[in-house]
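Engineer: Hey, dropping start-v4.cif in here, mmCIF, N, CA and C atoms:
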```
data_query
loop_
_atom_site.label_atom_id
_atom_site.label_comp_id
_atom_site.auth_asym_id
_atom_site.auth_seq_id
_atom_site.Cartn_x
_atom_site.Cartn_y
_atom_site.Cartn_z
N MET A 1 -7.36 -2.35 -3.11
CA MET A 1 -8.35 -1.33 -2.95
C MET A 1 -7.65 0.02 -2.81
N ASN A 2 -8.14 1.01 -3.49
CA ASN A 2 -7.60 2.35 -3.39
C ASN A 2 -7.99 2.96 -2.06
N GLU A 3 -7.07 3.73 -1.49
CA GLU A 3 -7.31 4.38 -0.22
C GLU A 3 -7.42 5.88 -0.44
N ALA A 4 -8.10 6.56 0.46
CA ALA A 4 -8.24 8.01 0.34
C ALA A 4 -6.91 8.70 0.61
N ILE A 5 -6.67 9.74 -0.15
CA ILE A 5 -5.48 10.57 0.01
C ILE A 5 -5.93 11.94 0.52
N THR A 6 -5.25 12.46 1.53
CA THR A 6 -5.50 13.83 1.96
C THR A 6 -4.51 14.71 1.22
N LEU A 7 -5.01 15.65 0.47
CA LEU A 7 -4.20 16.51 -0.39
C LEU A 7 -4.25 17.93 0.15
N LEU A 8 -3.09 18.53 0.36
CA LEU A 8 -3.01 19.93 0.78
C LEU A 8 -2.62 20.75 -0.44
N VAL A 9 -3.45 21.74 -0.77
CA VAL A 9 -3.22 22.59 -1.94
C VAL A 9 -3.04 24.02 -1.46
N GLU A 10 -1.94 24.65 -1.89
CA GLU A 10 -1.65 26.01 -1.49
C GLU A 10 -1.67 26.92 -2.70
N ASP A 11 -2.39 28.05 -2.61
CA ASP A 11 -2.45 28.98 -3.74
C ASP A 11 -1.35 30.04 -3.62
N ALA A 12 -1.33 30.99 -4.56
CA ALA A 12 -0.29 32.03 -4.61
C ALA A 12 -0.32 32.95 -3.39
N ASN A 13 -1.45 33.00 -2.68
CA ASN A 13 -1.58 33.84 -1.49
C ASN A 13 -1.29 33.08 -0.20
N ASP A 14 -0.68 31.92 -0.33
CA ASP A 14 -0.33 31.06 0.82
C ASP A 14 -1.54 30.53 1.58
N LYS A 15 -2.70 30.53 0.94
CA LYS A 15 -3.90 29.97 1.55
C LYS A 15 -3.93 28.47 1.22
N THR A 16 -4.09 27.66 2.25
CA THR A 16 -4.07 26.20 2.09
C THR A 16 -5.48 25.63 2.18
N GLN A 17 -5.80 24.73 1.26
CA GLN A 17 -7.05 23.98 1.29
C GLN A 17 -6.73 22.51 1.47
N THR A 18 -7.57 21.81 2.19
CA THR A 18 -7.42 20.37 2.37
C THR A 18 -8.51 19.67 1.57
N LEU A 19 -8.09 18.72 0.74
CA LEU A 19 -9.02 17.95 -0.09
C LEU A 19 -8.80 16.47 0.18
N SER A 20 -9.81 15.68 -0.05
CA SER A 20 -9.69 14.23 0.05
C SER A 20 -10.09 13.64 -1.30
N CYS A 21 -9.29 12.69 -1.78
CA CYS A 21 -9.58 12.09 -3.08
C CYS A 21 -9.02 10.67 -3.14
N GLN A 22 -9.44 9.91 -4.14
CA GLN A 22 -8.93 8.57 -4.37
C GLN A 22 -7.59 8.60 -5.11
N ARG A 23 -7.48 9.53 -6.08
CA ARG A 23 -6.24 9.74 -6.80
C ARG A 23 -6.28 11.13 -7.41
N PHE A 24 -5.11 11.67 -7.76
CA PHE A 24 -5.06 12.97 -8.39
C PHE A 24 -3.96 12.95 -9.44
N ALA A 25 -4.01 13.93 -10.35
CA ALA A 25 -3.03 13.99 -11.43
C ALA A 25 -2.38 15.36 -11.47
N VAL A 26 -1.15 15.37 -11.94
CA VAL A 26 -0.39 16.58 -12.20
C VAL A 26 -0.04 16.53 -13.68
N MET A 27 -0.22 17.64 -14.39
CA MET A 27 0.15 17.68 -15.81
C MET A 27 1.65 17.93 -15.90
N LEU A 28 2.38 17.06 -16.60
CA LEU A 28 3.81 17.17 -16.77
C LEU A 28 4.16 16.82 -18.21
N GLN A 29 4.69 17.77 -18.95
CA GLN A 29 5.07 17.59 -20.35
C GLN A 29 3.92 17.02 -21.18
N GLY A 30 2.72 17.56 -20.94
CA GLY A 30 1.56 17.17 -21.71
C GLY A 30 0.93 15.84 -21.31
N LYS A 31 1.45 15.18 -20.28
CA LYS A 31 0.90 13.90 -19.83
C LYS A 31 0.36 14.06 -18.42
N GLU A 32 -0.68 13.31 -18.13
CA GLU A 32 -1.24 13.27 -16.77
C GLU A 32 -0.41 12.28 -15.96
N VAL A 33 0.19 12.75 -14.88
CA VAL A 33 0.92 11.88 -13.97
C VAL A 33 0.01 11.66 -12.76
N TRP A 34 -0.50 10.44 -12.64
CA TRP A 34 -1.47 10.11 -11.60
C TRP A 34 -0.78 9.60 -10.36
N ILE A 35 -1.31 9.97 -9.21
CA ILE A 35 -0.78 9.57 -7.91
C ILE A 35 -1.93 8.98 -7.11
N GLN A 36 -1.70 7.77 -6.57
CA GLN A 36 -2.72 7.16 -5.73
C GLN A 36 -2.08 6.22 -4.73
N LEU A 37 -2.80 5.95 -3.67
CA LEU A 37 -2.34 5.09 -2.58
C LEU A 37 -3.05 3.76 -2.69
N ILE A 38 -2.27 2.67 -2.79
CA ILE A 38 -2.83 1.33 -2.87
C ILE A 38 -2.11 0.46 -1.85
N GLU A 39 -2.85 -0.06 -0.88
CA GLU A 39 -2.31 -0.94 0.16
C GLU A 39 -1.09 -0.34 0.84
N GLY A 40 -1.14 0.95 1.16
CA GLY A 40 -0.05 1.61 1.87
C GLY A 40 1.13 1.98 0.99
N GLN A 41 1.03 1.76 -0.32
CA GLN A 41 2.10 2.10 -1.24
C GLN A 41 1.64 3.23 -2.14
N LEU A 42 2.50 4.20 -2.36
CA LEU A 42 2.17 5.34 -3.20
C LEU A 42 2.59 5.01 -4.63
N PHE A 43 1.62 4.92 -5.54
CA PHE A 43 1.89 4.64 -6.95
C PHE A 43 1.87 5.96 -7.71
N ILE A 44 2.89 6.20 -8.51
CA ILE A 44 2.99 7.39 -9.33
C ILE A 44 3.22 6.91 -10.76
N GLY A 45 2.31 7.24 -11.67
CA GLY A 45 2.47 6.77 -13.04
C GLY A 45 1.54 7.49 -13.99
N THR A 46 1.72 7.24 -15.26
CA THR A 46 0.87 7.84 -16.28
C THR A 46 -0.19 6.85 -16.71
N ASP A 47 -1.33 7.36 -17.17
CA ASP A 47 -2.33 6.49 -17.75
C ASP A 47 -1.81 5.97 -19.08
N ILE A 48 -2.30 4.85 -19.49
CA ILE A 48 -1.85 4.23 -20.73
C ILE A 48 -2.63 4.83 -21.90
N ALA A 49 -1.89 5.37 -22.87
CA ALA A 49 -2.52 5.84 -24.10
C ALA A 49 -2.74 4.63 -25.01
N GLU A 50 -3.59 4.78 -25.99
CA GLU A 50 -4.00 3.67 -26.84
C GLU A 50 -2.83 2.92 -27.48
N ASN A 51 -1.80 3.62 -27.94
CA ASN A 51 -0.70 2.97 -28.64
C ASN A 51 0.58 2.84 -27.81
N ASP A 52 0.51 3.08 -26.50
CA ASP A 52 1.69 2.96 -25.66
C ASP A 52 2.10 1.49 -25.51
N PRO A 53 3.36 1.15 -25.80
CA PRO A 53 3.80 -0.24 -25.66
C PRO A 53 4.05 -0.64 -24.22
N GLU A 54 4.31 0.33 -23.34
CA GLU A 54 4.56 0.02 -21.94
C GLU A 54 4.18 1.22 -21.08
N PHE A 55 4.14 0.99 -19.78
CA PHE A 55 3.90 2.07 -18.85
C PHE A 55 4.88 1.93 -17.69
N THR A 56 5.07 3.02 -16.99
CA THR A 56 6.02 3.05 -15.88
C THR A 56 5.32 3.57 -14.64
N ASN A 57 5.58 2.93 -13.51
CA ASN A 57 5.11 3.40 -12.21
C ASN A 57 6.33 3.61 -11.33
N LEU A 58 6.30 4.66 -10.55
CA LEU A 58 7.29 4.87 -9.50
C LEU A 58 6.57 4.52 -8.21
N VAL A 59 7.05 3.49 -7.51
CA VAL A 59 6.36 2.99 -6.33
C VAL A 59 7.18 3.31 -5.08
N LEU A 60 6.55 3.99 -4.12
CA LEU A 60 7.19 4.28 -2.84
C LEU A 60 6.57 3.38 -1.78
N ARG A 61 7.43 2.65 -1.07
CA ARG A 61 6.95 1.74 -0.03
C ARG A 61 7.59 2.13 1.30
N PRO A 62 6.79 2.27 2.35
CA PRO A 62 7.38 2.55 3.67
C PRO A 62 8.11 1.31 4.17
N LEU A 63 9.33 1.49 4.71
CA LEU A 63 10.10 0.38 5.26
C LEU A 63 10.14 0.41 6.78
N ALA A 64 10.43 1.56 7.31
CA ALA A 64 10.52 1.74 8.76
C ALA A 64 10.41 3.25 9.02
N THR A 65 10.51 3.62 10.27
CA THR A 65 10.46 5.04 10.59
C THR A 65 11.55 5.78 9.82
N ASN A 66 11.14 6.81 9.08
CA ASN A 66 12.05 7.66 8.30
C ASN A 66 12.73 6.96 7.13
N LEU A 67 12.25 5.79 6.71
CA LEU A 67 12.84 5.09 5.56
C LEU A 67 11.76 4.70 4.57
N ILE A 68 12.07 4.84 3.28
CA ILE A 68 11.16 4.37 2.23
C ILE A 68 11.98 3.66 1.16
N SER A 69 11.32 2.83 0.42
CA SER A 69 11.92 2.18 -0.74
C SER A 69 11.28 2.80 -1.97
N ILE A 70 12.10 3.15 -2.97
CA ILE A 70 11.60 3.70 -4.22
C ILE A 70 11.99 2.72 -5.33
N GLN A 71 11.00 2.31 -6.12
CA GLN A 71 11.26 1.36 -7.18
C GLN A 71 10.56 1.81 -8.45
N LEU A 72 11.27 1.80 -9.56
CA LEU A 72 10.71 2.11 -10.86
C LEU A 72 10.26 0.80 -11.49
N GLU A 73 8.98 0.68 -11.80
CA GLU A 73 8.43 -0.54 -12.39
C GLU A 73 7.96 -0.25 -13.80
N LYS A 74 8.53 -0.95 -14.78
CA LYS A 74 8.10 -0.82 -16.17
C LYS A 74 7.41 -2.13 -16.54
N GLU A 75 6.24 -2.00 -17.14
CA GLU A 75 5.49 -3.18 -17.53
C GLU A 75 4.94 -2.99 -18.93
N THR A 76 4.76 -4.09 -19.63
CA THR A 76 4.17 -4.06 -20.96
C THR A 76 2.69 -3.72 -20.85
N ALA A 77 2.26 -2.79 -21.66
CA ALA A 77 0.85 -2.39 -21.66
C ALA A 77 0.03 -3.44 -22.41
N GLU A 78 -1.09 -3.79 -21.84
CA GLU A 78 -2.02 -4.70 -22.50
C GLU A 78 -3.21 -3.88 -22.97
N PRO A 79 -3.81 -4.24 -24.09
CA PRO A 79 -4.99 -3.50 -24.56
C PRO A 79 -6.07 -3.46 -23.48
N ASN A 80 -6.64 -2.27 -23.29
CA ASN A 80 -7.72 -2.05 -22.30
C ASN A 80 -7.28 -2.32 -20.87
N ALA A 81 -5.97 -2.23 -20.60
CA ALA A 81 -5.47 -2.49 -19.25
C ALA A 81 -5.37 -1.20 -18.46
N ASN A 82 -5.57 -1.31 -17.16
CA ASN A 82 -5.39 -0.19 -16.24
C ASN A 82 -4.12 -0.49 -15.45
N GLN A 83 -3.13 0.41 -15.44
CA GLN A 83 -1.87 0.11 -14.79
C GLN A 83 -1.96 0.09 -13.28
N PHE A 84 -3.01 0.65 -12.70
CA PHE A 84 -3.16 0.62 -11.26
C PHE A 84 -4.09 -0.52 -10.89
N PRO A 85 -3.63 -1.49 -10.08
CA PRO A 85 -4.53 -2.56 -9.67
C PRO A 85 -5.68 -2.02 -8.83
N GLU A 86 -6.88 -2.51 -9.09
CA GLU A 86 -8.05 -2.05 -8.34
C GLU A 86 -8.10 -2.66 -6.94
N ASP A 87 -7.58 -3.88 -6.80
CA ASP A 87 -7.50 -4.49 -5.48
C ASP A 87 -6.39 -5.53 -5.50
N GLU A 88 -6.21 -6.19 -4.35
CA GLU A 88 -5.10 -7.13 -4.24
C GLU A 88 -5.22 -8.31 -5.20
N ASN A 89 -6.41 -8.63 -5.69
CA ASN A 89 -6.58 -9.73 -6.63
C ASN A 89 -6.06 -9.38 -8.02
N ASP A 90 -5.87 -8.09 -8.33
CA ASP A 90 -5.36 -7.67 -9.62
C ASP A 90 -3.84 -7.56 -9.64
N HIS A 91 -3.19 -7.75 -8.50
CA HIS A 91 -1.74 -7.58 -8.40
C HIS A 91 -1.04 -8.70 -9.16
N VAL A 92 -0.06 -8.34 -9.98
CA VAL A 92 0.78 -9.32 -10.66
C VAL A 92 2.05 -9.44 -9.85
N SER A 93 2.24 -10.61 -9.26
CA SER A 93 3.36 -10.83 -8.37
C SER A 93 4.63 -11.11 -9.17
N HIS A 94 5.75 -10.53 -8.74
CA HIS A 94 7.05 -10.82 -9.34
C HIS A 94 8.10 -10.81 -8.24
N SER A 95 9.31 -11.25 -8.55
CA SER A 95 10.33 -11.49 -7.52
C SER A 95 10.73 -10.24 -6.73
N ASN A 96 10.57 -9.03 -7.30
CA ASN A 96 10.99 -7.81 -6.62
C ASN A 96 9.85 -6.99 -6.05
N CYS A 97 8.61 -7.47 -6.08
CA CYS A 97 7.49 -6.63 -5.71
C CYS A 97 7.27 -6.49 -4.21
N GLN A 98 7.87 -7.33 -3.39
CA GLN A 98 7.76 -7.27 -1.94
C GLN A 98 6.33 -7.41 -1.44
N CYS A 99 5.51 -8.16 -2.15
CA CYS A 99 4.11 -8.31 -1.75
C CYS A 99 3.90 -9.41 -0.73
N GLY A 100 4.90 -10.27 -0.55
CA GLY A 100 4.77 -11.36 0.40
C GLY A 100 4.02 -12.57 -0.13
N GLN A 101 3.78 -12.62 -1.44
CA GLN A 101 3.05 -13.76 -2.03
C GLN A 101 4.00 -14.80 -2.65
N HIS A 102 5.28 -14.75 -2.35
CA HIS A 102 6.25 -15.67 -2.96
C HIS A 102 6.65 -16.74 -1.99
#
```
Using structure tokens, write down the structure that the file contains.
Structural biologist:
Amino acid sequence: MNEAITLLVEDANDKTQTLSCQRFAVMLQGKEVWIQLIEGQLFIGTDIAENDPEFTNLVLRPLATNLISIQLEKETAEPNANQFPEDENDHVSHSNCQCGQH
């Protein structure tokens, strides 16, 4: 399940706004880089274009106070697939995912 993200946005006049959202995107080199929080893990990745053979997520996982794990996950794109799991039932478990289902 996606969790709400509190986003702080600062304009050129140093005025800060606080927004809440499920996910947000930043445009980088013509691609939307989406950021969302799923089960306490921050997923950073691009949406899958129609002919993309694979997609990449950068996953940040909290380990302990002041420590995080960063892992680059590349997966084969499937037609009509969404790279962000909607809930824990959509998670594809693998040996390095640290999900605790092994």
Engineer: On this file, the PyMOL selection byres ((chain A and resi 67-79) around 7) gives some set of residues; write that set as a CSV table (one decimal) with N, CA and C atoms, in the coordinates of the input.
Structural biologist:
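The resulting file, result_31.csv, is shown below:
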```csv
chain,number,residue,atom,x,y,z
A,52,ASP,N,0.5,3.1,-26.5
A,52,ASP,CA,1.7,3.0,-25.7
A,52,ASP,C,2.1,1.5,-25.5
A,53,PRO,N,3.4,1.2,-25.8
A,53,PRO,CA,3.8,-0.2,-25.7
A,53,PRO,C,4.0,-0.6,-24.2
A,54,GLU,N,4.3,0.3,-23.3
A,54,GLU,CA,4.6,0.0,-21.9
A,54,GLU,C,4.2,1.2,-21.1
A,55,PHE,N,4.1,1.0,-19.8
A,55,PHE,CA,3.9,2.1,-18.8
A,55,PHE,C,4.9,1.9,-17.7
A,56,THR,N,5.1,3.0,-17.0
A,56,THR,CA,6.0,3.0,-15.9
A,56,THR,C,5.3,3.6,-14.6
A,57,ASN,N,5.6,2.9,-13.5
A,57,ASN,CA,5.1,3.4,-12.2
A,57,ASN,C,6.3,3.6,-11.3
A,58,LEU,N,6.3,4.7,-10.6
A,58,LEU,CA,7.3,4.9,-9.5
A,58,LEU,C,6.6,4.5,-8.2
A,59,VAL,N,7.0,3.5,-7.5
A,59,VAL,CA,6.4,3.0,-6.3
A,59,VAL,C,7.2,3.3,-5.1
A,60,LEU,N,6.6,4.0,-4.1
A,60,LEU,CA,7.2,4.3,-2.8
A,60,LEU,C,6.6,3.4,-1.8
A,61,ARG,N,7.4,2.6,-1.1
A,61,ARG,CA,7.0,1.7,0.0
A,61,ARG,C,7.6,2.1,1.3
A,62,PRO,N,6.8,2.3,2.4
A,62,PRO,CA,7.4,2.6,3.7
A,62,PRO,C,8.1,1.3,4.2
A,63,LEU,N,9.3,1.5,4.7
A,63,LEU,CA,10.1,0.4,5.3
A,63,LEU,C,10.1,0.4,6.8
A,64,ALA,N,10.4,1.6,7.3
A,64,ALA,CA,10.5,1.7,8.8
A,64,ALA,C,10.4,3.2,9.0
A,65,THR,N,10.5,3.6,10.3
A,65,THR,CA,10.5,5.0,10.6
A,65,THR,C,11.6,5.8,9.8
A,66,ASN,N,11.1,6.8,9.1
A,66,ASN,CA,12.0,7.7,8.3
A,66,ASN,C,12.7,7.0,7.1
A,80,ASN,N,-6.6,-2.3,-23.3
A,80,ASN,CA,-7.7,-2.0,-22.3
A,80,ASN,C,-7.3,-2.3,-20.9
A,81,ALA,N,-6.0,-2.2,-20.6
A,81,ALA,CA,-5.5,-2.5,-19.2
A,81,ALA,C,-5.4,-1.2,-18.5
A,82,ASN,N,-5.6,-1.3,-17.2
A,82,ASN,CA,-5.4,-0.2,-16.2
A,82,ASN,C,-4.1,-0.5,-15.4
```
Engineer: Just how far from CA of Gln17 (chain A) is CA of Gly30 (chain A), in Å to one decimal?
Structural biologist: 25.5 Å
Engineer: Just give me the gap between atom N of Cys21 (chain A) and atom C of Leu7 (chain A) in Å, one decimal is fine.
Structural biologist: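 Computed distance, atom N of Cys21 (chain A) to atom C of Leu7 (chain A), equals 7.5 Å.
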Engineer: Could you list as a list in words every residue that has an atom within 9 Å of (0.5, 4.7, -7.0), using the file's coordinates and counting only C-alpha atoms?
Structural biologist: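 Counting only C-alpha atoms, I find these residues within 9 Å of (0.5, 4.7, -7.0): Arg23, Trp34, Ile35, Gln36, Leu37, Ile38, Gln41, Leu42, Phe43, Ile44, Gly45, Asn57, Leu58, Val59, Leu60 and Phe84 of chain A.
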Engineer: So the first atom is atom N of Thr46 (chain A) and the second is atom C of Lys31 (chain A); what is the distance between them in Å, to one decimal place?
Structural biologist: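 A separation of 7.6 Å between them.
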Engineer: The PyMOL selection byres (((chain A and resi 18 and name CA) around 12) and name CA) - which residues does that actually catch in the file I just gave you? List them as a PyMOL selection string.
Structural biologist: chain A and resi 5-11+15-17+19-21
